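Take a look at the structure set out below.
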Amino acid sequence: MLTLYFSGTGNTAYIAESFSEKMGAVCLSIEADVDFAAEMAKHDTIAICYPIYGSRVPLIMRQFVAANLASFADKKLIILVTQLCFSGDGARVLCDLFPKPVNVIYAEHFFMPNNVCNFALLGRTKNVAVRLKKAEKKLEKVCQNIKNGLIRRRGFSGFAKILGKVQGNPWQGDSRSAVAVDGTMEYKAKHGVQIDEDCNGCGLCVEICPMKNLERENGQIGHRGNCTMCYRCVNRCAKRAVTVFFHKKPEWQYEGL
C-alpha cells in the first residue's frame, strides 16, 4: 500500500503518517521530489489523504491527480480527509476527478484542529489533545476495518452529497477541473494573498509555499496568483504579515502537529 498526501499545516500529515505506520504503508507527500508514476506502479492500493476546503478537494491535490491519472488506473483507493466540522461529501468528490468510476474500498472524514487563524467564526481549537485522541480512536477503527475487509464510504450517500453542495458550489462551482473557476470563492482565494507593512522580507513564506506562488524581489514579497489556500504561510510568518482570502491580521497562529 502507498499513502499519498497533501498537508498545509500538519493535520493531514498526522493522519497520513499514523495510518501508514499502522498499515505498514509507504507514505509520501505529493510535494516530495520523487517519480510518482514509478512509486504508484509498485502498489495495488493507494490511500489518498487531503484537507477539505469548502467541501472540495484542494487545488494542489486536483492538479496532482490530473497529472497522474494514468497511474491511478485499476488501483484500489482509500480516501482519508481532514476537516474542521462539516464537509458533506468531502471524500466522495475526489472520485469526480477521474474520467471513469474508481474502486474506493474505504473513505473516512477526521475532525482536526482549526488552522484558519484569522476568521473569528471558526475560532481556535480549545483542546487539541482531545480532538487528536478522538481522531486516533477513529483511525484505529478504520485500520481494523480495512484489515478485516470491511468497506465503508463516508460521504457517499445522497444526503452527504446535498450537504456538500451547500459549501462546495459557492467555493468551487460545478467544475472539478485542475483550475480554479473565475467567479468562485476558490478563484478569489487563488489570487487573494496580501502582504502587509509588517513583512520583513525574510523569505520563509517563499520557501514553504507548496504552489511556488510567492516570490521575493528586491526584498519585497509578491505573489503569482496561484494560491491553494493551505494557510501554511499565514501560520508560519513570524510577523503575521501574510493573509489569504480573509484579511484580518491573525491574533494567533496554528503551530501544527
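Here, A, B, ... name the chains of the C-alpha cells in the order displayed, residue numbers run from 1 inside each chain, and ligands are numbered from 1 in the same displayed order.
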Discussion item. Please list as number ranges by chain every residue within 10 Å of segment 203-214 of chain A, counting only C-alpha atoms and excluding residues in the same chain fewer than 6 positions away.
Written reply: A: 6-8, 30-31, 59-60, 190-191, 193, 220-238, 242
List the spatial neighbours of Pro101 of chain A as a PDB file with N, CA, C and O atoms, in the first residue's frame - criterion: any atom at most 12 Å away, only C-alpha atoms, same-chain residues fewer than 4 positions off excluded.
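The resulting file, result34.pdb, is shown below:
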```pdb
ATOM      1  N   PHE A  72      -3.242   5.990 -11.637  1.00  0.00           N
ATOM      2  CA  PHE A  72      -4.323   5.575 -10.753  1.00  0.00           C
ATOM      3  C   PHE A  72      -5.170   4.457 -11.358  1.00  0.00           C
ATOM      4  O   PHE A  72      -6.011   3.866 -10.668  1.00  0.00           O
ATOM      5  N   ALA A  73      -4.964   4.147 -12.625  1.00  0.00           N
ATOM      6  CA  ALA A  73      -5.789   3.154 -13.312  1.00  0.00           C
ATOM      7  C   ALA A  73      -5.724   1.797 -12.614  1.00  0.00           C
ATOM      8  O   ALA A  73      -4.641   1.300 -12.274  1.00  0.00           O
ATOM      9  N   ASP A  74      -6.890   1.228 -12.356  1.00  0.00           N
ATOM     10  CA  ASP A  74      -7.032  -0.118 -11.785  1.00  0.00           C
ATOM     11  C   ASP A  74      -6.532  -0.239 -10.349  1.00  0.00           C
ATOM     12  O   ASP A  74      -6.351  -1.361  -9.845  1.00  0.00           O
ATOM     13  N   LYS A  75      -6.340   0.875  -9.671  1.00  0.00           N
ATOM     14  CA  LYS A  75      -5.915   0.826  -8.272  1.00  0.00           C
ATOM     15  C   LYS A  75      -7.128   0.799  -7.347  1.00  0.00           C
ATOM     16  O   LYS A  75      -8.190   1.344  -7.663  1.00  0.00           O
ATOM     17  N   LYS A  76      -6.968   0.160  -6.214  1.00  0.00           N
ATOM     18  CA  LYS A  76      -7.941   0.282  -5.138  1.00  0.00           C
ATOM     19  C   LYS A  76      -7.603   1.547  -4.348  1.00  0.00           C
ATOM     20  O   LYS A  76      -6.429   1.783  -4.041  1.00  0.00           O
ATOM     21  N   LEU A  77      -8.617   2.342  -4.025  1.00  0.00           N
ATOM     22  CA  LEU A  77      -8.377   3.614  -3.359  1.00  0.00           C
ATOM     23  C   LEU A  77      -8.965   3.644  -1.951  1.00  0.00           C
ATOM     24  O   LEU A  77     -10.064   3.145  -1.706  1.00  0.00           O
ATOM     25  N   ARG A  92     -15.976  11.884  -1.069  1.00  0.00           N
ATOM     26  CA  ARG A  92     -16.525  11.376  -2.325  1.00  0.00           C
ATOM     27  C   ARG A  92     -16.119  12.206  -3.534  1.00  0.00           C
ATOM     28  O   ARG A  92     -15.916  11.670  -4.628  1.00  0.00           O
ATOM     29  N   VAL A  93     -15.991  13.537  -3.356  1.00  0.00           N
ATOM     30  CA  VAL A  93     -15.746  14.393  -4.520  1.00  0.00           C
ATOM     31  C   VAL A  93     -14.411  14.096  -5.206  1.00  0.00           C
ATOM     32  O   VAL A  93     -14.214  14.471  -6.359  1.00  0.00           O
ATOM     33  N   LEU A  94     -13.506  13.410  -4.511  1.00  0.00           N
ATOM     34  CA  LEU A  94     -12.269  13.003  -5.192  1.00  0.00           C
ATOM     35  C   LEU A  94     -12.584  12.146  -6.406  1.00  0.00           C
ATOM     36  O   LEU A  94     -11.904  12.232  -7.434  1.00  0.00           O
ATOM     37  N   CYS A  95     -13.611  11.324  -6.298  1.00  0.00           N
ATOM     38  CA  CYS A  95     -13.970  10.425  -7.397  1.00  0.00           C
ATOM     39  C   CYS A  95     -14.366  11.186  -8.653  1.00  0.00           C
ATOM     40  O   CYS A  95     -14.239  10.658  -9.768  1.00  0.00           O
ATOM     41  N   ASP A  96     -14.855  12.402  -8.497  1.00  0.00           N
ATOM     42  CA  ASP A  96     -15.262  13.203  -9.648  1.00  0.00           C
ATOM     43  C   ASP A  96     -14.076  13.625 -10.515  1.00  0.00           C
ATOM     44  O   ASP A  96     -14.262  14.072 -11.642  1.00  0.00           O
ATOM     45  N   LEU A  97     -12.869  13.475  -9.994  1.00  0.00           N
ATOM     46  CA  LEU A  97     -11.672  13.872 -10.741  1.00  0.00           C
ATOM     47  C   LEU A  97     -11.263  12.834 -11.770  1.00  0.00           C
ATOM     48  O   LEU A  97     -10.430  13.113 -12.633  1.00  0.00           O
TER      49      LEU A  97
END
```
Response to the item:
Counting only C-alpha atoms, the residue among A:Phe159, A:Gln194, A:Asp35, A:Ala41 that lies closest to Ala70 of chain A is A:Ala41
Worksheet entry | Residue list (alpha helix (DSSP H), DSSP) for segment 119-216 of chain A, as a PyMOL selection string | chain A and resi 128-147+158-172+185-190+204-208
Item to complete: Could you find all residues in segment 192-244 of chain A that DSSP calls strand (DSSP E) from the backbone, and write them as a list in words?
Response: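 These are the residues in question: Val193, Gln194, Ile195, Leu214, Glu215, Arg216, Glu217, Gln220, Ile221, Gly222, His223, Val242, Thr243 and Val244 of chain A.
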So that I have them on file, write out the residues from the current selection with N, CA and C atoms, as a PDB file, in the first residue's frame.
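Saved the output as again-v6.pdb:
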```pdb
ATOM      1  N   VAL A 193      -3.721  36.563  -1.927  1.00  0.00           N
ATOM      2  CA  VAL A 193      -2.667  36.736  -0.927  1.00  0.00           C
ATOM      3  C   VAL A 193      -2.373  38.229  -0.743  1.00  0.00           C
ATOM      4  N   GLN A 194      -2.271  38.642   0.513  1.00  0.00           N
ATOM      5  CA  GLN A 194      -1.869  40.015   0.809  1.00  0.00           C
ATOM      6  C   GLN A 194      -0.721  40.005   1.810  1.00  0.00           C
ATOM      7  N   ILE A 195       0.237  40.891   1.587  1.00  0.00           N
ATOM      8  CA  ILE A 195       1.389  41.047   2.479  1.00  0.00           C
ATOM      9  C   ILE A 195       1.329  42.455   3.052  1.00  0.00           C
ATOM     10  N   LEU A 214       4.631  32.344  -4.098  1.00  0.00           N
ATOM     11  CA  LEU A 214       5.235  33.555  -3.554  1.00  0.00           C
ATOM     12  C   LEU A 214       6.639  33.748  -4.096  1.00  0.00           C
ATOM     13  N   GLU A 215       7.030  35.000  -4.229  1.00  0.00           N
ATOM     14  CA  GLU A 215       8.356  35.335  -4.745  1.00  0.00           C
ATOM     15  C   GLU A 215       8.893  36.561  -4.017  1.00  0.00           C
ATOM     16  N   ARG A 216      10.221  36.625  -3.922  1.00  0.00           N
ATOM     17  CA  ARG A 216      10.860  37.777  -3.291  1.00  0.00           C
ATOM     18  C   ARG A 216      11.691  38.507  -4.325  1.00  0.00           C
ATOM     19  N   GLU A 217      11.466  39.785  -4.429  1.00  0.00           N
ATOM     20  CA  GLU A 217      12.219  40.606  -5.375  1.00  0.00           C
ATOM     21  C   GLU A 217      12.534  41.940  -4.724  1.00  0.00           C
ATOM     22  N   GLN A 220      11.097  42.520  -1.323  1.00  0.00           N
ATOM     23  CA  GLN A 220       9.652  42.577  -1.209  1.00  0.00           C
ATOM     24  C   GLN A 220       9.031  41.238  -1.623  1.00  0.00           C
ATOM     25  N   ILE A 221       7.989  40.830  -0.919  1.00  0.00           N
ATOM     26  CA  ILE A 221       7.301  39.584  -1.223  1.00  0.00           C
ATOM     27  C   ILE A 221       6.073  39.877  -2.081  1.00  0.00           C
ATOM     28  N   GLY A 222       5.944  39.154  -3.160  1.00  0.00           N
ATOM     29  CA  GLY A 222       4.779  39.261  -4.026  1.00  0.00           C
ATOM     30  C   GLY A 222       4.217  37.882  -4.318  1.00  0.00           C
ATOM     31  N   HIS A 223       3.122  37.821  -5.058  1.00  0.00           N
ATOM     32  CA  HIS A 223       2.529  36.526  -5.365  1.00  0.00           C
ATOM     33  C   HIS A 223       2.165  36.441  -6.841  1.00  0.00           C
ATOM     34  N   VAL A 242       1.166  37.938   6.555  1.00  0.00           N
ATOM     35  CA  VAL A 242       0.540  37.336   5.379  1.00  0.00           C
ATOM     36  C   VAL A 242      -0.905  36.957   5.698  1.00  0.00           C
ATOM     37  N   THR A 243      -1.801  37.291   4.775  1.00  0.00           N
ATOM     38  CA  THR A 243      -3.185  36.823   4.880  1.00  0.00           C
ATOM     39  C   THR A 243      -3.637  36.303   3.515  1.00  0.00           C
ATOM     40  N   VAL A 244      -4.613  35.399   3.563  1.00  0.00           N
ATOM     41  CA  VAL A 244      -5.149  34.800   2.340  1.00  0.00           C
ATOM     42  C   VAL A 244      -6.672  34.761   2.446  1.00  0.00           C
TER      43      VAL A 244
END
```
Worksheet item: Neighbours of Ile78 of chain A within 7 Å (only C-alpha atoms; same-chain residues fewer than 5 positions away dropped), as a ChimeraX atom specification?
Response: /A:46-48,104-107
